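Working notes for the structure below.
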Amino acid sequence: MQTSWVPFVPPSASTLSDKVDALYFYLSGVTIFFTLLISGVLIFFVIKYRRRTPYEIPRPVAGSHKLETLWSVIPFVIAMTMFAWGAQIYFQQSKAPKNAVEVYVVGKQWMWKIQHTTGQREINELHVPAGRNVKLIMTTEDVIHDFFIPAFRIKADVVPGRYTNLWFKATKPGRYHLFCAEYCGMNHSGMIGSVVVMEPTEFDDWLSGNASQQSPAAAGQQLYQTLGCVSCHGGAGEGGRGPALSGVFGRGVFLTNGQTVLADEAYIRESIVNPQAKLVAGFGPIMPTFQGQVSEEQLVHLLAFIKSLQIQTQPPVAARPAAPPATSTGSPAPAPESTRR
Amino acid sequence: MREFEKAMETFVPPPPSRINYLNAQYGLKSWLLTKDHKRIALLYLGAISFFFFIGGLYAMFIRLELLTPQADLLQSTTYNKVFTQHGIIMVFFFLIPSIPATLGNFLIPMMIGAKDLAFPRINLLSWYIYMLGGLVTIYALLAGGIDTGWTFYTPFSTTFSNSYVIAAGLGIFINGFSSILTGLNFIVTIHTMRAPGMTWFRLPLFIWAHYATSLIMILGTPVIAITVLLLAFERLAHVGIFDPAVGGDPVLFQHLFWFYSHPAVYIMVLPGMGVISELIANFSRKNIFGYGFVAFSSLAIAVFGFLVWGHHLFVASQSVYAGMIFSFLSFAVAIPSAIKVFNWTATLYKASISYDTPMLYALGFIGLFTIGGMTGLFLAALATDVHLSDTYFVVAHFHYIMVGGTLLAYLGGLHYWWPKMSGRMYPEGWGRFSALVVFIGFNLTFLPQFILGYMGMPRRYHVYPDEFQVLHVLSSAGASILGVGLLIPLVYLIWSMRYGKVAEGNPWHLPGLEWRTQSPPITENFDFTPVVTWEAYEFAPPEETEVVGKFAEERV
Amino acid sequence: MAETVEHLGVGHEASHPALQHHFENMEQQREAGNIGMWVFLVTEIMFFGGMFLAYTLYRSKFPMAFASASNHLSLPMGAVNTVVLILSSFTMALAVYSAQIGKRRNQVVCLILTIVLGLTFLGIKAVEYHEKYVDHLIPGQLIPGHPFKPDKVHLLGDAAKENVEMFYWIYFAMTGMHAVHMIIGVGLLSVILFFAARGRYDPEYHSPVEISGLYWHFVDIVWIFLFPLLYLLGRHFEH
């Protein structure tokens, strides 16, 4: 459904933005209908039943259970349609497709720092290809901000200490507003920019044109060396005194307390800044914390690097307890409560 | 339609004496140490009007700055302080106390036939606490202001803001106790001090509304108290309560904050709904249609209101499933309000409606509250809330309820009971005129903001893209009209205290118990114990009740 | 139909000197006072509730850090305090009973005992707080120049040192708030004691004693919740 001709609505530039608009028009229609209905009846009664002589008293009118039921049930049913429709679109908005291209976003007072996995960095601008799923993995260096793209009808807070996600598939090339939508201090109004949607071929050109910049994974590999991670986790993540990191991302990890957790972005980040929080089974609490020694951006680089580590042909060195665990590292991960939208 | 000259005879109160609560004692001490709920109500009226004026000044600066897309009137930090302080003053020092502390304090004992509230000294204490909280907050404003937004989100408010957060928080903390004590007083009074014959279902709906409000006040306010304390603690000591670097959770603050602040909006609107019930019934000379449903809907709103706070966190990294539950409940809480709107409208059927100023405000309320409430549904629905969160749509939505709702109800109630409180009538022509000006100015101010919001204009911005300017100019123009419309009653109400027409005990000729005293009342309200033998809003005998749907006789 | 309001007599017959002018009779006044205190206690539950929520959240996040920190608290002092408070509730109940049956001397004695027990509790608490100060366990930078250092706390299981501070701010916030309420309670009881000694309370009128008793019992019950949640975590682990 094209909404570009409707005034007072932002451009509709993603696969889900039309759907949100449709719900919005439904809500607007119902609102206008009931407002006109109530005001109309009100005005009609106020005129028809105006006082004619100063001392008149009208006959009292008994209540009606039938009417009360009617005007409780009908609004409730209408409300439920609104709820269901809104929830359905929301559910689609929360489940990023598996094949989405990932882009890292780090907010800080008062700018957006964006990094593509191939290395391009942008400040306050996000170039994306039309027709491809894009997933944003976002965090902040300081206070809570919010990444808001009106043309796609989406937004999400970025919260310190965790990663939040947004996904979209842009449809129309163009330049669209990007706003920060959570008050963050002095220059909140200035923390704006653009989302630039390009034709897929143009985008690929743009991407390769800036290939000289270091990719986040490469930057992460450098950090992995300089911070000394190699000494326990191995140069290629094969493990040693510390658990293996190659292939760990996206799989279940068995912990000393008997639980199994999913190694998602939040887990990787937490293991760097608070290593004892989720201790892998068979390993001692010897990893030092890097809290305060790495910035959010550097954490994103390390994350990108660890994600890029492939599974070795040799089985990784990882002490496993004798008791047969219910899950092994190859099985589907349990539903993580740490995954955010 | 029957005539009621005979009936009106019995409405006449005992012959008035020259002594009333205003002139019973003179002197500053007799006011500052009063135990009379009516005098305390007037003390609140003065203080609340003062804070409303300050909050209004801040609003004026906001709308002036937003006339242009650039930051040309105020610097960024100044603007941030202005909207923060507008919010804090209006929410905590005007909207929450306005109707309960002025009209509630004045009328609750009179409506139930009591001589005072259950705890008169605690009532006075709550005013002093309000003043102390207000003074501390004014100190924070004058010392340099506060720029965190009235929502104080962490970690900005704990670690990054250089403004007077602790002082403002302290002012709000202190003020909270005023709210708690008022609610406590009302609950105990309504339970234990009703006159003989005044059963629960003979109570005016104003009382039901205030009872429900008081439940929220006592259950919710302590939570904001502890939240503000933790915020101050964190800011002072940096212990890490909301700091992720040591395992804390910044979103915990949001949960704690909204657990109170959402029910708080029902503290703001429920008393207004109580006033509207009074106005609609009395200016139509009929019982409210579906009295029982309206009474219970107030309680339902109070209960459900505690279950929906998560709808402020849909985009704040709250889980998808929690979002679904809160969305469902947020739709559910809208239903009791809808029931009220339908019942009020139905009350007008076959009524005898007069166009006095209070009625105009009540009619305005119904229309504007319908818009405000229904635009809330856009925010209860998950997908649209994702787009609309933190945009001007939200600003428009809550101003429709707070100004189009609560403020209009407050003004309507003030006019309605003005003769009882002051012994004088306000000038009716000016009353109707300013009601109209307020209505027009208000809609012009806030209707464009719905559109601005959907177009993507974020909240709390003073610099914005050029394409939003036309709507902002419309909004600011409306604001100036609204401001004028609100200043006019200030002038004529004060004028009327000296020059207004002297009012009799029951100038509107109504059956409510508060009208069976002189205007202004004596200090003890009643010099006898009333015995209630009639139903609420009983204008005509119950035998004459018409059942909807049957053929009616011709109107006389 | 609206009737004329009936007159039910002007003024009261000879009434109790403590009857306030706006109440019809002592019964109404007593009922109002009681309901008022219960409503106030509900607000107190909500007030402490916020901290219980924070406790629940952070304990489930860092169970072993909480257990380690809890083990470091002095169990003997906590247990003695618990016994002291329960005893004080008993003496308070006796004071109320004495007022109900009109025994002035017993009221005074029981009130004094309650106050003394309350002060004992506060004294032991002060000793505990001082120990925390000495051990550098006061969270954050509450005491300038004396920052938090969790070195004294023996870590159990996979507890992380960084998370121990989380327990301690909750400990101080909850016991601190509780202590403030105790202090207010002691003050309140002192006032009641003053009037009880003057023979102000009799079987007809003793509701200030009753409602002060309600308050005191509430403060006691809060401690009954705090003690196991703060002092008894992980005591089953071997050190």
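By order in the structure tokens, chains are A, B, ...; within a chain, residues start at 1; ligands start at 1, following the order shown.
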Chain B contacts to chain C at 8 Å (only C-alpha atoms) as a ChimeraX atom specification: /B:7,10-11,114-118,180,184-185,188-189,192-193,218-223,225-227,236-241,246-248,252,256,511,524,527-534,538-542
All strand (DSSP E or B) residues (DSSP, backbone) inside range 220-257 of chain A, as a tab-separated table (two decimals) with C-alpha atoms, in the first residue's frame:
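So the final result, stored in part27.tsv, reads:
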chain	number	residue	atom	x	y	z
A	252	GLY	CA	25.30	-23.26	23.60
A	253	VAL	CA	27.99	-23.01	26.26
A	254	PHE	CA	28.04	-25.30	29.30
A	255	LEU	CA	28.81	-23.51	32.56
Test item: chain B residues at most 6 Å from chain A, counting only C-alpha atoms, as number ranges by chain: B: 1-3, 76-77, 155-156, 244, 286, 289-290, 315-316, 331, 350-354, 367, 374, 381-383, 386-387, 390, 455-456, 458, 461, 463, 545-547
Could those selected residues go to a file with N, CA and C atoms, as a compact mmCIF listing (two decimals), in the first residue's frame?
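Below is the file that was written, out_32.txt:
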# COMPACT_ATOMS: atom_id res chain seq x y z
N MET B 1 -42.61 16.23 32.30
CA MET B 1 -41.70 17.10 33.06
C MET B 1 -42.49 17.75 34.18
N ARG B 2 -41.99 17.57 35.39
CA ARG B 2 -42.76 18.13 36.49
C ARG B 2 -42.19 19.47 36.91
N GLU B 3 -42.99 20.26 37.53
CA GLU B 3 -42.49 21.52 38.09
C GLU B 3 -41.97 21.23 39.48
N SER B 76 20.92 25.64 24.36
CA SER B 76 20.47 24.25 24.51
C SER B 76 20.22 23.88 25.96
N THR B 77 21.20 24.12 26.84
CA THR B 77 21.01 23.69 28.22
C THR B 77 19.84 24.44 28.85
N PRO B 155 21.48 6.42 32.92
CA PRO B 155 22.50 7.06 33.73
C PRO B 155 22.70 8.56 33.53
N PHE B 156 21.90 9.20 32.69
CA PHE B 156 22.12 10.63 32.50
C PHE B 156 21.96 11.38 33.82
N PRO B 244 25.78 -0.13 34.83
CA PRO B 244 26.09 -1.45 34.29
C PRO B 244 27.54 -1.86 34.51
N LYS B 286 -30.38 15.41 36.35
CA LYS B 286 -30.70 13.98 36.33
C LYS B 286 -29.58 13.22 37.02
N PHE B 289 -26.53 8.40 34.30
CA PHE B 289 -26.94 7.12 33.74
C PHE B 289 -25.91 6.06 34.12
N GLY B 290 -26.38 4.94 34.67
CA GLY B 290 -25.43 3.89 35.03
C GLY B 290 -24.52 4.28 36.18
N VAL B 315 10.14 0.30 23.76
CA VAL B 315 11.36 0.40 22.95
C VAL B 315 12.60 0.52 23.83
N ALA B 316 12.44 0.22 25.11
CA ALA B 316 13.55 0.45 26.05
C ALA B 316 14.32 -0.82 26.35
N PHE B 331 -4.78 -1.85 26.76
CA PHE B 331 -6.08 -1.75 26.09
C PHE B 331 -7.21 -1.97 27.09
N LYS B 350 -32.93 13.09 27.26
CA LYS B 350 -34.15 13.53 27.96
C LYS B 350 -33.83 14.26 29.26
N ALA B 351 -32.79 15.08 29.19
CA ALA B 351 -32.41 15.85 30.37
C ALA B 351 -32.94 17.26 30.23
N SER B 352 -32.55 18.09 31.20
CA SER B 352 -32.89 19.51 31.10
C SER B 352 -31.57 20.25 31.26
N ILE B 353 -30.97 20.59 30.12
CA ILE B 353 -29.57 21.00 30.11
C ILE B 353 -29.45 22.52 30.08
N SER B 354 -28.66 23.05 31.02
CA SER B 354 -28.40 24.49 30.99
C SER B 354 -26.98 24.73 30.52
N GLY B 367 -15.47 15.69 25.04
CA GLY B 367 -14.92 15.61 23.68
C GLY B 367 -13.41 15.46 23.69
N MET B 374 -8.44 8.03 23.12
CA MET B 374 -8.30 7.17 21.94
C MET B 374 -6.91 7.28 21.33
N ALA B 381 -0.93 0.11 21.29
CA ALA B 381 -0.65 -0.86 20.22
C ALA B 381 0.85 -0.89 19.96
N LEU B 382 1.45 -2.06 20.04
CA LEU B 382 2.90 -2.17 20.01
C LEU B 382 3.53 -1.55 18.77
N ALA B 383 3.04 -1.93 17.58
CA ALA B 383 3.74 -1.50 16.36
C ALA B 383 3.70 0.01 16.19
N VAL B 386 6.05 1.80 18.63
CA VAL B 386 7.46 1.80 18.25
C VAL B 386 7.77 3.07 17.44
N HIS B 387 6.87 3.42 16.54
CA HIS B 387 7.12 4.61 15.72
C HIS B 387 6.87 5.89 16.52
N ASP B 390 8.30 8.67 22.13
CA ASP B 390 9.22 9.80 22.21
C ASP B 390 9.10 10.79 21.06
N MET B 455 4.89 12.41 11.86
CA MET B 455 5.90 12.74 10.86
C MET B 455 7.31 12.51 11.37
N GLY B 456 7.44 12.33 12.67
CA GLY B 456 8.76 11.96 13.20
C GLY B 456 9.41 13.01 14.08
N PRO B 458 10.80 14.47 17.05
CA PRO B 458 11.03 13.90 18.38
C PRO B 458 10.70 14.90 19.49
N TYR B 461 13.20 18.32 21.56
CA TYR B 461 14.08 18.97 20.59
C TYR B 461 13.72 20.44 20.51
N VAL B 463 15.76 22.31 18.24
CA VAL B 463 16.21 22.51 16.86
C VAL B 463 15.56 21.40 16.05
N THR B 545 -39.28 7.26 37.66
CA THR B 545 -38.20 6.86 36.77
C THR B 545 -38.72 6.29 35.47
N GLU B 546 -38.16 6.77 34.38
CA GLU B 546 -38.54 6.26 33.07
C GLU B 546 -37.56 5.19 32.65
N VAL B 547 -38.08 4.16 32.08
CA VAL B 547 -37.21 3.09 31.59
C VAL B 547 -36.94 3.31 30.11
Proximal residues of chain A relative to chain C (only C-alpha atoms; 9 Å) as a list in words: Thr256, Asn257, Asn274, Pro275, Gln276, Ala277, Lys278, Leu279 and Pro285 of chain A
Contacts of Pro448 in chain B at 8 Å (only C-alpha atoms; same-chain gap of 6+ positions) as a PyMOL selection string: chain B and resi 471-472+474-475
Members of range 17-222 of chain C assigned alpha helix (DSSP H) by DSSP, as a PyMOL selection string: chain C and resi 26-61+63-72+75-101+104-134+164-197+207-222
Print the selection's residues with C-alpha atoms to a file, as a short mmCIF file (atom, residue, chain, number, x, y, z; two decimals), in the first residue's frame.
data_model
loop_
_atom_site.label_atom_id
_atom_site.label_comp_id
_atom_site.auth_asym_id
_atom_site.auth_seq_id
_atom_site.Cartn_x
_atom_site.Cartn_y
_atom_site.Cartn_z
CA MET C 26 -15.20 8.04 70.72
CA GLU C 27 -16.06 4.94 68.74
CA GLN C 28 -15.83 6.82 65.44
CA GLN C 29 -12.62 8.49 66.53
CA ARG C 30 -11.02 5.20 67.51
CA GLU C 31 -12.07 3.54 64.27
CA ALA C 32 -10.71 6.42 62.22
CA GLY C 33 -7.37 6.29 64.02
CA ASN C 34 -7.07 2.57 63.48
CA ILE C 35 -7.92 2.60 59.79
CA GLY C 36 -5.59 5.57 59.38
CA MET C 37 -2.64 3.68 60.84
CA TRP C 38 -3.35 0.58 58.74
CA VAL C 39 -3.49 2.71 55.58
CA PHE C 40 -0.20 4.31 56.56
CA LEU C 41 1.40 0.90 57.07
CA VAL C 42 0.28 -0.09 53.58
CA THR C 43 2.19 2.89 52.24
CA GLU C 44 5.23 1.71 54.17
CA ILE C 45 4.97 -1.72 52.59
CA MET C 46 5.01 -0.10 49.17
CA PHE C 47 7.97 2.04 50.20
CA PHE C 48 10.10 -0.92 51.25
CA GLY C 49 8.74 -2.84 48.29
CA GLY C 50 10.92 -0.96 45.82
CA MET C 51 14.02 -2.09 47.66
CA PHE C 52 12.79 -5.66 47.91
CA LEU C 53 12.36 -5.57 44.14
CA ALA C 54 15.94 -4.38 43.63
CA TYR C 55 17.11 -7.09 46.03
CA THR C 56 15.23 -9.81 44.14
CA LEU C 57 16.58 -8.63 40.81
CA TYR C 58 20.22 -8.38 41.78
CA ARG C 59 20.27 -11.49 43.93
CA SER C 60 19.03 -13.54 41.00
CA LYS C 61 21.74 -11.99 38.85
CA PRO C 63 23.60 -15.34 43.66
CA MET C 64 27.11 -16.33 44.74
CA ALA C 65 28.30 -12.76 45.23
CA PHE C 66 25.29 -12.21 47.46
CA ALA C 67 25.98 -15.39 49.39
CA SER C 68 29.62 -14.45 49.92
CA ALA C 69 28.76 -10.97 51.14
CA SER C 70 25.97 -12.26 53.34
CA ASN C 71 28.31 -14.74 54.97
CA HIS C 72 30.57 -11.90 55.95
CA LEU C 75 25.34 -13.75 62.24
CA PRO C 76 25.47 -13.49 66.06
CA MET C 77 24.70 -9.78 66.02
CA GLY C 78 21.92 -10.20 63.50
CA ALA C 79 20.38 -13.05 65.48
CA VAL C 80 20.57 -11.17 68.76
CA ASN C 81 18.94 -8.18 67.11
CA THR C 82 16.15 -10.38 65.86
CA VAL C 83 15.49 -11.71 69.33
CA VAL C 84 15.67 -8.20 70.78
CA LEU C 85 13.06 -6.92 68.34
CA ILE C 86 10.69 -9.82 68.84
CA LEU C 87 10.95 -9.29 72.60
CA SER C 88 10.24 -5.61 72.13
CA SER C 89 7.09 -6.44 70.18
CA PHE C 90 6.04 -8.58 73.10
CA THR C 91 6.60 -5.80 75.62
CA MET C 92 4.74 -3.44 73.29
CA ALA C 93 1.77 -5.76 73.15
CA LEU C 94 1.85 -5.91 76.95
CA ALA C 95 1.87 -2.12 77.07
CA VAL C 96 -1.23 -2.00 74.89
CA TYR C 97 -2.90 -4.62 77.04
CA SER C 98 -2.09 -2.68 80.19
CA ALA C 99 -3.64 0.41 78.65
CA GLN C 100 -6.74 -1.57 77.74
CA ILE C 101 -7.20 -2.71 81.31
CA ARG C 104 -0.90 2.82 84.40
CA ARG C 105 2.26 1.50 86.07
CA ASN C 106 2.40 -1.56 83.84
CA GLN C 107 1.95 0.61 80.75
CA VAL C 108 4.89 2.76 81.75
CA VAL C 109 7.13 -0.19 82.59
CA CYS C 110 6.33 -2.02 79.37
CA LEU C 111 6.84 1.10 77.29
CA ILE C 112 10.19 1.76 78.92
CA LEU C 113 11.24 -1.83 78.25
CA THR C 114 10.18 -1.52 74.63
CA ILE C 115 12.15 1.68 74.19
CA VAL C 116 15.21 0.16 75.86
CA LEU C 117 15.03 -2.90 73.61
CA GLY C 118 14.65 -0.63 70.58
CA LEU C 119 17.70 1.34 71.59
CA THR C 120 19.60 -1.91 72.11
CA PHE C 121 18.77 -2.88 68.56
CA LEU C 122 20.02 0.44 67.29
CA GLY C 123 23.18 0.15 69.36
CA ILE C 124 24.04 -3.26 67.98
CA LYS C 125 23.30 -1.94 64.49
CA ALA C 126 25.72 0.92 65.10
CA VAL C 127 28.42 -1.56 66.10
CA GLU C 128 27.78 -3.53 62.91
CA TYR C 129 27.94 -0.40 60.78
CA HIS C 130 31.20 0.57 62.44
CA GLU C 131 32.65 -2.84 61.62
CA LYS C 132 31.68 -2.35 58.01
CA TYR C 133 33.37 1.03 58.02
CA VAL C 134 36.56 -0.49 59.38
CA VAL C 164 29.92 -7.79 46.08
CA GLU C 165 29.32 -4.03 46.25
CA MET C 166 25.82 -4.60 44.88
CA PHE C 167 24.92 -6.57 48.02
CA TYR C 168 26.30 -3.94 50.31
CA TRP C 169 24.40 -1.00 48.93
CA ILE C 170 21.20 -2.98 49.23
CA TYR C 171 22.19 -3.99 52.76
CA PHE C 172 22.78 -0.40 53.81
CA ALA C 173 19.74 0.95 52.00
CA MET C 174 17.38 -1.58 53.57
CA THR C 175 18.80 -1.73 57.08
CA GLY C 176 19.40 2.01 57.00
CA MET C 177 15.79 2.72 56.07
CA HIS C 178 14.70 0.25 58.70
CA ALA C 179 16.89 1.95 61.31
CA VAL C 180 15.38 5.34 60.42
CA HIS C 181 11.96 3.86 61.04
CA MET C 182 13.17 2.42 64.35
CA ILE C 183 14.44 5.82 65.43
CA ILE C 184 11.09 7.38 64.56
CA GLY C 185 9.42 4.56 66.47
CA VAL C 186 11.52 5.17 69.55
CA GLY C 187 10.68 8.86 69.37
CA LEU C 188 7.01 8.07 68.98
CA LEU C 189 7.04 5.71 71.95
CA SER C 190 8.82 8.29 74.07
CA VAL C 191 5.97 10.68 73.47
CA ILE C 192 3.45 7.96 74.31
CA LEU C 193 5.43 7.14 77.44
CA PHE C 194 5.29 10.78 78.49
CA PHE C 195 1.51 10.84 78.25
CA ALA C 196 1.08 7.36 79.71
CA ALA C 197 3.03 8.39 82.78
CA SER C 207 -5.92 4.41 70.82
CA PRO C 208 -2.59 6.29 70.56
CA VAL C 209 -1.00 3.38 72.39
CA GLU C 210 -2.72 0.88 70.10
CA ILE C 211 -1.74 2.55 66.88
CA SER C 212 1.83 3.13 68.06
CA GLY C 213 1.84 -0.57 68.77
CA LEU C 214 0.75 -1.27 65.21
CA TYR C 215 3.60 0.85 63.91
CA TRP C 216 6.12 -0.87 66.17
CA HIS C 217 4.97 -4.34 65.13
CA PHE C 218 5.26 -3.34 61.50
CA VAL C 219 8.87 -2.21 61.94
CA ASP C 220 9.52 -5.53 63.66
CA ILE C 221 7.99 -7.51 60.80
CA VAL C 222 10.14 -5.68 58.25
#
